[in-house]
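As structure tokens, the structure follows; a few thoughts come after it.
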Amino acid sequence: MSTSFADAHAAWHDRVEADRTAPHGPLSVTALHWLSADPQAFDGAPGTWSAGADGLVTASFAAVDGVTRDGVALEGSVQLGPLTGIASTTLAWGEQLLELAARSGRIVLRPRDPQSKDRVEYAGTNTFPPSERWVVRARFVPAPREAVEVDSAAGVDAKQHYDSPGTAEFEFEGQPIRLTLFGEPYSPGLRALFADATGKDLTFPAARHVGVTQIDDDTVEIDFNRTSNLPCAYSASATCPFPPPENRLAVRIEAGELRPGISL
């Protein structure tokens, strides 16, 4: 393994950890408050909240609450949205953010607090040693599908939907692998959600994800060294998508991030 390859991997993981530990990053979420048609007050959040079937949110605040949006103070009854798909919006409340997000056909309020226990006590995540062996060129097979349904950490019956441009196909140790991809071809958001046999002992078993680079119309590259954990590996207040059944692999992908708390 070249020094430049190892350095590039270390720089990538530094960026992942910086995003994870950002003041309002995934470790800052303190609760999931699911909104209903009836106005509700929640511990740890100001005002009252409700949401209609169309994704339109109604919130009511007193001036003393100090809630703002784009620097403008909010008082009385305000409407936000509508929020559909996986759309979200945020309000400011002191040093906290109040995130409203559409998930699984419902609206969730997620306070983001830089002083959250998950963020303050975070001790870092280790990785497998990087290896060029895990940089895979795969055949891209176009098979566009809209709103592919996957399970979600939001609940037993919760579903999320993502568009898929097709699949990445390659062989690993003589076994054919076919990964459903999500996102747009040639876009930074092209990725694979997957789980593999290392979930039994070394990695987070529910899901990991990895970016996918489109090389040309027939080829993609997957650097499994850059596989990272989703927020649900760290927080009970996450609403992560889980892999589709075909992306649960029987092989061991010993690359990328380990399960939180695990060292090799």
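In the structure tokens, each chain is lettered A, B, ... as it comes, each chain's residues begin at 1, and ligands are numbered from 1 in order of appearance.
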- Query: Could you pull the residues within 12 Å of Trp12 (chain A), counting only C-alpha atoms, minus those fewer than 2 positions along the same chain, as number ranges by chain?
  - Reply: A: 5-10, 14-19, 127, 130, 211, 223, 225-228, 256-257
Checklist entry - region 151-165 of chain A: which residues within 8 Å, counting only C-alpha atoms, same-chain residues fewer than 6 positions away excluded, as a list in words? => result Gly85, Arg103, Ser104, Pro142, Ala143, Pro144, Arg145, Thr180, Leu181, Phe182, Gly183, Glu184, Pro185, Cys232, Ala238, Thr239, Cys240, Pro241, Phe242, Pro243 and Pro244 of chain A
Could you write those residues out with N, CA, C and O atoms, as a CSV table (one decimal), in the first residue's frame?
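In the end it all went to selection-v8.csv:
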chain,number,residue,atom,x,y,z
A,85,GLY,N,-41.6,13.4,1.1
A,85,GLY,CA,-40.4,12.6,0.8
A,85,GLY,C,-39.5,12.5,1.9
A,85,GLY,O,-39.8,12.0,3.0
A,103,ARG,N,-40.4,11.8,7.2
A,103,ARG,CA,-39.8,10.5,7.2
A,103,ARG,C,-41.0,9.4,7.2
A,103,ARG,O,-41.9,9.5,8.0
A,104,SER,N,-40.9,8.5,6.2
A,104,SER,CA,-41.9,7.4,6.2
A,104,SER,C,-43.3,7.9,6.2
A,104,SER,O,-44.2,7.3,6.9
A,142,PRO,N,-27.7,-0.5,-15.9
A,142,PRO,CA,-28.8,0.4,-15.7
A,142,PRO,C,-30.1,-0.4,-15.5
A,142,PRO,O,-30.4,-1.3,-16.3
A,143,ALA,N,-30.9,0.0,-14.5
A,143,ALA,CA,-32.2,-0.6,-14.3
A,143,ALA,C,-33.0,0.4,-13.4
A,143,ALA,O,-33.2,0.2,-12.2
A,144,PRO,N,-33.3,1.6,-14.0
A,144,PRO,CA,-33.9,2.7,-13.2
A,144,PRO,C,-35.2,2.2,-12.5
A,144,PRO,O,-36.1,1.6,-13.1
A,145,ARG,N,-35.3,2.5,-11.2
A,145,ARG,CA,-36.5,2.3,-10.4
A,145,ARG,C,-36.8,3.5,-9.6
A,145,ARG,O,-35.9,4.0,-8.9
A,180,THR,N,-27.7,-3.1,-5.4
A,180,THR,CA,-28.6,-2.0,-5.8
A,180,THR,C,-28.0,-0.7,-5.4
A,180,THR,O,-27.6,-0.5,-4.2
A,181,LEU,N,-27.9,0.3,-6.3
A,181,LEU,CA,-27.4,1.6,-6.0
A,181,LEU,C,-28.5,2.6,-5.8
A,181,LEU,O,-29.6,2.4,-6.4
A,182,PHE,N,-28.3,3.6,-5.1
A,182,PHE,CA,-29.2,4.7,-4.9
A,182,PHE,C,-28.6,6.0,-5.3
A,182,PHE,O,-27.3,6.2,-5.2
A,183,GLY,N,-29.4,7.0,-5.8
A,183,GLY,CA,-28.8,8.2,-6.3
A,183,GLY,C,-28.9,8.3,-7.8
A,183,GLY,O,-29.5,7.5,-8.5
A,184,GLU,N,-28.2,9.3,-8.3
A,184,GLU,CA,-28.1,9.6,-9.7
A,184,GLU,C,-26.7,9.2,-10.3
A,184,GLU,O,-25.7,9.5,-9.7
A,185,PRO,N,-26.7,8.6,-11.5
A,185,PRO,CA,-25.4,8.3,-12.1
A,185,PRO,C,-24.6,9.6,-12.3
A,185,PRO,O,-25.1,10.7,-12.5
A,232,CYS,N,-27.6,5.8,12.8
A,232,CYS,CA,-28.2,4.9,13.7
A,232,CYS,C,-27.2,4.0,14.5
A,232,CYS,O,-27.6,3.3,15.4
A,238,ALA,N,-32.0,8.3,15.5
A,238,ALA,CA,-31.8,8.4,14.1
A,238,ALA,C,-32.9,7.7,13.3
A,238,ALA,O,-33.6,6.9,13.8
A,239,THR,N,-33.0,8.1,12.1
A,239,THR,CA,-34.1,7.6,11.2
A,239,THR,C,-33.5,7.0,9.9
A,239,THR,O,-34.0,7.2,8.8
A,240,CYS,N,-32.3,6.3,10.1
A,240,CYS,CA,-31.6,5.8,8.9
A,240,CYS,C,-32.3,4.8,8.1
A,240,CYS,O,-33.1,4.0,8.6
A,241,PRO,N,-32.1,4.8,6.8
A,241,PRO,CA,-32.6,3.7,5.9
A,241,PRO,C,-31.7,2.4,6.1
A,241,PRO,O,-30.5,2.5,6.4
A,242,PHE,N,-32.3,1.3,5.9
A,242,PHE,CA,-31.6,0.0,6.0
A,242,PHE,C,-31.5,-0.5,4.6
A,242,PHE,O,-32.2,-0.1,3.7
A,243,PRO,N,-30.5,-1.4,4.3
A,243,PRO,CA,-30.3,-1.9,3.0
A,243,PRO,C,-31.5,-2.7,2.5
A,243,PRO,O,-32.2,-3.4,3.2
A,244,PRO,N,-31.7,-2.7,1.1
A,244,PRO,CA,-32.7,-3.7,0.6
A,244,PRO,C,-32.2,-5.1,0.7
A,244,PRO,O,-31.0,-5.3,0.9
CA of Val135 (chain A) sits from CA of Pro205 (chain A) at a separation of 21.7 Å
Item checked: Shell of 8 Å around Gln96 (chain A), only C-alpha atoms, local chain residues under 3 positions omitted, as number ranges by chain -> A: 24, 92-93, 111-114
request  = To one decimal in Å, tell me the separation between CA of Lys117 (chain A) and CA of Ser88 (chain A).
outcome  =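 We find that CA of Lys117 (chain A) and CA of Ser88 (chain A) lie 23.5 Å from each other.
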